[in-house]
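Asker: Below you'll find input-v2.txt; it's compact mmCIF, C-alpha atoms.
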# COMPACT_ATOMS: atom_id res chain seq x y z
CA MET R 1 0.00 0.00 0.00
CA ALA R 2 1.22 3.49 -0.81
CA VAL R 3 2.25 5.68 2.11
CA ILE R 4 2.43 9.36 2.90
CA ASP R 5 6.14 10.03 3.25
CA ASN R 6 6.77 13.70 2.48
CA ILE R 7 5.43 16.02 5.15
CA HIS R 8 5.64 19.73 5.96
CA ILE R 9 5.44 20.42 9.70
CA ALA R 10 5.22 23.68 11.66
CA PRO R 11 5.52 23.21 15.44
CA PRO R 12 3.46 25.34 17.83
CA VAL R 13 4.51 28.98 17.71
CA SER R 14 4.19 29.03 21.52
CA GLY R 15 7.28 26.85 21.73
CA GLY R 16 5.44 24.43 23.99
CA PRO R 17 3.96 20.99 23.37
CA ALA R 18 1.22 20.63 20.78
CA ARG R 19 -2.27 20.82 22.27
CA GLN R 20 -4.02 20.80 18.90
CA MET R 21 -3.23 19.37 15.47
CA VAL R 22 -4.30 20.81 12.13
CA ILE R 23 -3.77 18.55 9.13
CA LEU R 24 -3.88 20.34 5.76
CA LEU R 25 -4.87 18.33 2.69
CA HIS R 26 -4.01 19.90 -0.66
CA GLY R 27 -5.80 19.71 -4.00
CA VAL R 28 -4.97 17.59 -7.03
CA GLY R 29 -1.83 18.58 -8.90
CA ALA R 30 -0.38 20.51 -5.94
CA ASN R 31 1.59 19.22 -2.96
CA GLY R 32 1.85 19.78 0.78
CA ALA R 33 3.77 23.03 0.31
CA ASP R 34 0.66 24.61 -1.23
CA LEU R 35 -1.59 24.85 1.84
CA PHE R 36 1.44 25.04 4.13
CA GLY R 37 1.76 28.60 2.87
CA LEU R 38 -1.34 29.46 4.90
CA VAL R 39 0.26 28.50 8.22
CA PRO R 40 1.94 31.87 8.97
CA TYR R 41 -1.47 33.53 8.75
CA VAL R 42 -3.28 31.02 10.96
CA ALA R 43 -0.67 29.88 13.49
CA PRO R 44 -0.62 33.10 15.57
CA MET R 45 -4.30 32.52 16.33
CA LEU R 46 -3.63 28.89 17.27
CA PRO R 47 -0.32 29.17 19.13
CA ASP R 48 -0.42 25.68 20.63
CA ALA R 49 -1.27 23.87 17.39
CA VAL R 50 1.07 21.81 15.25
CA PHE R 51 0.36 22.16 11.54
CA ILE R 52 1.01 19.16 9.30
CA SER R 53 0.71 19.36 5.51
CA PRO R 54 1.52 16.07 3.76
CA ASP R 55 2.06 15.39 0.09
CA ALA R 56 -0.66 13.11 -1.27
CA PRO R 57 0.63 9.55 -1.74
CA PHE R 58 0.37 9.36 -5.53
CA ALA R 59 1.99 11.21 -8.42
CA TYR R 60 -0.46 13.32 -10.41
CA ASP R 61 -1.40 11.26 -13.45
CA MET R 62 -2.34 14.15 -15.76
CA ALA R 63 0.86 16.23 -15.53
CA PRO R 64 4.59 15.61 -15.05
CA PHE R 65 4.52 17.18 -11.58
CA GLY R 66 2.27 17.43 -8.54
CA ARG R 67 0.53 14.88 -6.35
CA GLN R 68 -2.97 13.44 -6.08
CA TRP R 69 -5.05 11.61 -3.51
CA PHE R 70 -6.82 9.68 -6.26
CA SER R 71 -7.16 9.92 -10.03
CA LEU R 72 -9.58 12.30 -11.69
CA GLN R 73 -9.14 10.93 -15.21
CA ASP R 74 -12.58 9.33 -14.86
CA ARG R 75 -14.87 11.76 -13.04
CA SER R 76 -17.93 9.52 -12.95
CA GLY R 77 -19.45 8.95 -9.52
CA PRO R 78 -18.43 5.27 -9.25
CA ALA R 79 -14.85 6.00 -10.30
CA LEU R 80 -14.48 8.84 -7.80
CA ALA R 81 -15.97 6.70 -5.04
CA ALA R 82 -13.59 3.84 -5.84
CA GLY R 83 -10.61 6.19 -5.86
CA ILE R 84 -11.42 7.83 -2.54
CA ARG R 85 -12.13 4.48 -0.90
CA ALA R 86 -8.74 3.15 -2.00
CA THR R 87 -6.90 6.13 -0.50
CA ALA R 88 -8.95 6.58 2.69
CA PRO R 89 -7.09 3.87 4.66
CA ILE R 90 -3.76 5.54 3.82
CA LEU R 91 -4.94 8.86 5.22
CA ASP R 92 -6.58 7.18 8.21
CA SER R 93 -3.33 5.44 9.12
CA PHE R 94 -1.40 8.68 8.71
CA ILE R 95 -3.79 10.51 11.04
CA ASP R 96 -3.55 7.74 13.64
CA ALA R 97 0.24 7.79 13.50
CA LYS R 98 0.51 11.56 13.87
CA LEU R 99 -1.95 11.73 16.76
CA ALA R 100 0.00 8.99 18.53
CA GLU R 101 3.30 10.74 17.83
CA TYR R 102 2.10 13.94 19.51
CA GLY R 103 0.11 12.24 22.27
CA LEU R 104 -3.19 13.70 21.08
CA ASP R 105 -6.59 12.23 20.31
CA ASP R 106 -9.23 13.05 17.70
CA SER R 107 -10.81 15.71 19.90
CA ALA R 108 -7.67 17.81 19.34
CA LEU R 109 -7.64 17.27 15.57
CA ALA R 110 -8.90 19.44 12.72
CA LEU R 111 -8.81 18.49 9.05
CA VAL R 112 -8.56 21.36 6.57
CA GLY R 113 -8.87 20.53 2.90
CA PHE R 114 -8.84 22.31 -0.43
CA SER R 115 -10.62 20.85 -3.49
CA GLN R 116 -9.65 17.16 -3.61
CA GLY R 117 -8.28 17.53 -0.09
CA THR R 118 -11.77 18.62 0.98
CA MET R 119 -13.21 15.48 -0.61
CA MET R 120 -10.75 13.39 1.41
CA SER R 121 -11.51 15.25 4.64
CA LEU R 122 -15.27 14.93 4.27
CA HIS R 123 -14.96 11.24 3.45
CA VAL R 124 -12.50 10.15 6.13
CA GLY R 125 -13.52 12.42 9.02
CA PRO R 126 -17.09 11.21 9.58
CA ARG R 127 -16.03 7.59 9.12
CA ARG R 128 -13.51 7.73 11.97
CA ALA R 129 -14.67 6.10 15.19
CA LYS R 130 -14.03 9.20 17.28
CA SER R 131 -15.06 12.68 16.23
CA CYS R 132 -12.39 15.19 15.37
CA ALA R 133 -12.86 18.77 16.53
CA ALA R 134 -13.59 20.18 13.09
CA ILE R 135 -13.44 19.74 9.35
CA ILE R 136 -13.00 22.76 7.10
CA GLY R 137 -13.42 22.31 3.38
CA PHE R 138 -12.55 24.89 0.74
CA SER R 139 -13.81 24.51 -2.86
CA GLY R 140 -14.68 20.83 -2.55
CA ALA R 141 -17.49 18.30 -2.60
CA VAL R 142 -18.81 15.17 -0.92
CA VAL R 143 -17.91 11.94 -2.74
CA ALA R 144 -19.85 8.70 -2.16
CA ALA R 145 -22.60 10.54 -0.31
CA GLU R 146 -24.94 7.61 -0.95
CA THR R 147 -23.04 5.37 1.50
CA LEU R 148 -22.46 7.93 4.24
CA ALA R 149 -25.59 7.08 6.23
CA ASP R 150 -24.48 3.44 6.52
CA GLU R 151 -20.82 4.22 7.21
CA ILE R 152 -20.89 7.29 9.45
CA GLN R 153 -19.26 6.82 12.85
CA SER R 154 -18.83 10.39 14.11
CA ARG R 155 -20.27 13.83 13.50
CA PRO R 156 -17.61 16.54 13.64
CA ARG R 157 -18.47 20.20 13.12
CA VAL R 158 -17.99 21.19 9.48
CA LEU R 159 -17.39 24.52 7.76
CA LEU R 160 -17.60 24.61 3.96
CA ILE R 161 -16.39 27.60 1.95
CA HIS R 162 -16.66 27.94 -1.84
CA GLY R 163 -16.26 30.66 -4.44
CA ASP R 164 -19.32 31.42 -6.54
CA ALA R 165 -17.12 31.87 -9.63
CA ASP R 166 -15.24 28.55 -9.25
CA PRO R 167 -14.60 27.13 -12.76
CA VAL R 168 -13.04 23.89 -11.45
CA VAL R 169 -15.46 22.52 -8.85
CA ASN R 170 -19.06 23.54 -9.46
CA PRO R 171 -20.20 26.02 -6.80
CA ALA R 172 -23.43 23.99 -6.58
CA SER R 173 -21.30 21.37 -4.83
CA LEU R 174 -21.52 23.54 -1.70
CA ALA R 175 -25.29 23.12 -1.32
CA ALA R 176 -25.10 19.45 -2.28
CA ALA R 177 -22.42 18.80 0.35
CA GLU R 178 -24.38 20.71 2.99
CA ALA R 179 -27.48 18.64 2.25
CA ALA R 180 -25.61 15.33 2.29
CA LEU R 181 -23.91 16.06 5.61
CA ALA R 182 -26.96 17.57 7.28
CA ALA R 183 -29.02 14.52 6.26
CA VAL R 184 -26.88 12.34 8.54
CA GLY R 185 -26.86 14.80 11.43
CA ILE R 186 -23.52 16.50 10.85
CA PRO R 187 -23.62 20.18 11.87
CA VAL R 188 -22.63 22.28 8.86
CA LEU R 189 -21.93 25.95 8.32
CA THR R 190 -21.43 27.26 4.78
CA GLU R 191 -20.08 30.40 3.17
CA MET R 192 -20.28 31.22 -0.52
CA ARG R 193 -17.59 33.77 -1.33
CA PRO R 194 -18.58 36.33 -4.00
CA ASP R 195 -16.54 36.61 -7.20
CA LEU R 196 -14.02 34.02 -5.97
CA GLU R 197 -12.66 31.40 -8.35
CA HIS R 198 -10.94 28.13 -7.31
CA SER R 199 -9.01 29.65 -4.45
CA ILE R 200 -8.99 30.76 -0.81
CA ASP R 201 -9.48 34.44 -0.05
CA GLY R 202 -8.71 36.49 3.06
CA PRO R 203 -12.24 36.62 4.47
CA GLY R 204 -12.65 32.89 3.94
CA LEU R 205 -9.38 32.17 5.73
CA ALA R 206 -10.36 34.46 8.60
CA LEU R 207 -13.68 32.65 8.94
CA ALA R 208 -11.89 29.30 8.94
CA THR R 209 -9.43 30.46 11.59
CA ALA R 210 -12.23 31.65 13.88
CA PHE R 211 -14.04 28.34 13.34
CA LEU R 212 -10.90 26.45 14.35
CA ARG R 213 -10.50 28.47 17.53
CA GLN R 214 -14.14 27.91 18.45
CA SER R 215 -13.96 24.20 17.64
CA PHE R 216 -10.90 23.79 19.85
CA GLY R 217 -12.68 25.59 22.68
CA LEU R 218 -10.47 28.66 22.53
CA PRO R 219 -11.97 32.09 23.23
CA LEU R 220 -12.20 34.46 20.33
CA PRO R 221 -9.82 37.43 20.69
CA GLN R 222 -11.34 40.63 21.98
Would you mind writing the structure in this file as structure tokens?
Answerer:
Amino acid sequence: MAVIDNIHIAPPVSGGPARQMVILLHGVGANGADLFGLVPYVAPMLPDAVFISPDAPFAYDMAPFGRQWFSLQDRSGPALAAGIRATAPILDSFIDAKLAEYGLDDSALALVGFSQGTMMSLHVGPRRAKSCAAIIGFSGAVVAAETLADEIQSRPRVLLIHGDADPVVNPASLAAAEAALAAVGIPVLTEMRPDLEHSIDGPGLALATAFLRQSFGLPLPQ
């Protein structure tokens, strides 16, 4: 089985032990360095969090560079579901290993995904036996929604953010994801960002940071 073996890590800016863990899952064709660029903007608001941004385990199969969690050559529902199911155990094992390494449990974990990384987060998170603190998904979608009711094991808080001008992942995916998650009792907040393409903007990142603080039980700054 493939493994996740290239990882970007930022220790807590407090200099102390990690009390929270934020795992960042990048989109197809990028790598862990992509979302890791957000850490300097978020870490000061989460001073006791370790940030971990892994490269996806597979080489991108539609370009000579980049990584992917699963192939998008066939974008039919069954193909996407098969791809995400094949990769989910790899991500699950990685999460377990990192939590054990830092002496933390799922209650101290947040998954933050972009695009395909959002698809991975929304698939793996609710199927873990213990609920993580939060899932934040930018510009993504729910894959294999039809099996979620039978496979759900936990109901973490979820924030979904999407640009209404996204040419890559249909903005309608936001409402579809909200409906799929809410149907199985997962609490969901959503934000459609105006005039935003397939990207993360400042207001969206600020909203995500506040959601992380709240989900970890930290007071919002005055």
Asker: Considering all atoms listed in the file, state which residue in the set R:Pro40, R:Gly29, R:Gly185, R:Ser154 is at the smallest distance from Ser71 (chain R).
Answerer: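 Among R:Pro40, R:Gly29, R:Gly185, R:Ser154, it is R:Gly29 that comes nearest to Ser71 (chain R).
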Asker: Nearest to Leu80 (chain R) among R:Met119, R:Ala210, R:Ala179, R:Leu189, with distances taken over only C-alpha atoms: which residue is it?
Answerer: R:Met119
Asker: Provide the CA of Ala165 (chain R) to CA of Pro57 (chain R) distance in Å, to one decimal place.
Answerer: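 Computing the Euclidean distance for CA of Ala165 (chain R) and CA of Pro57 (chain R) yields 29.6 Å.
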Asker: Write out as a list in words each polymer residue whose atoms come within 7 Å of Asp164 (chain R), counting only C-alpha atoms; drop sequence neighbours fewer than 2 positions from it.
Answerer: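 Listed by chain and then number, they are His162, Asp166, Pro171, Met192, Arg193, Pro194, Asp195, Leu196 and Glu197 of chain R.
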Asker: Let me see the file: selected residues, C-alpha atoms, as a CSV table (one decimal), keeping the file's coordinate frame.
Answerer:
chain,number,residue,atom,x,y,z
R,162,HIS,CA,-16.7,27.9,-1.8
R,166,ASP,CA,-15.2,28.6,-9.2
R,171,PRO,CA,-20.2,26.0,-6.8
R,192,MET,CA,-20.3,31.2,-0.5
R,193,ARG,CA,-17.6,33.8,-1.3
R,194,PRO,CA,-18.6,36.3,-4.0
R,195,ASP,CA,-16.5,36.6,-7.2
R,196,LEU,CA,-14.0,34.0,-6.0
R,197,GLU,CA,-12.7,31.4,-8.4
Asker: For Ala175 (chain R), which residue among R:Ser139, R:Gln153, R:Ser131, R:Ser14 is the nearest when counting only C-alpha atoms?
Answerer: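 Selected residue with least distance to Ala175 (chain R): R:Ser139.
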Asker: As an exercise, work out the distance from CA of Ile52 (chain R) to CA of Pro64 (chain R) in Å and give it to one decimal place.
Answerer: 24.9 Å
Asker: If we count all atoms listed in the file and set the cut-off at 12 Å, which residues sit around Glu151 (chain R), ignoring sequence neighbours fewer than 2 positions away in its own chain? Please answer as a list in words.
Answerer: Arg85, His123, Val124, Gly125, Pro126, Arg127, Arg128, Ala129, Ala144, Ala145, Glu146, Thr147, Leu148, Ala149, Gln153, Ser154, Arg155 and Val184 of chain R
Asker: Can you write just those residues out, C-alpha atoms, as a short mmCIF file (atom, residue, chain, number, x, y, z; two decimals), in the frame of the given file?
Answerer:
data_model
loop_
_atom_site.label_atom_id
_atom_site.label_comp_id
_atom_site.auth_asym_id
_atom_site.auth_seq_id
_atom_site.Cartn_x
_atom_site.Cartn_y
_atom_site.Cartn_z
CA ARG R 85 -12.13 4.48 -0.90
CA HIS R 123 -14.96 11.24 3.45
CA VAL R 124 -12.50 10.15 6.13
CA GLY R 125 -13.52 12.42 9.02
CA PRO R 126 -17.09 11.21 9.58
CA ARG R 127 -16.03 7.59 9.12
CA ARG R 128 -13.51 7.73 11.97
CA ALA R 129 -14.67 6.10 15.19
CA ALA R 144 -19.85 8.70 -2.16
CA ALA R 145 -22.60 10.54 -0.31
CA GLU R 146 -24.94 7.61 -0.95
CA THR R 147 -23.04 5.37 1.50
CA LEU R 148 -22.46 7.93 4.24
CA ALA R 149 -25.59 7.08 6.23
CA GLN R 153 -19.26 6.82 12.85
CA SER R 154 -18.83 10.39 14.11
CA ARG R 155 -20.27 13.83 13.50
CA VAL R 184 -26.88 12.34 8.54
#
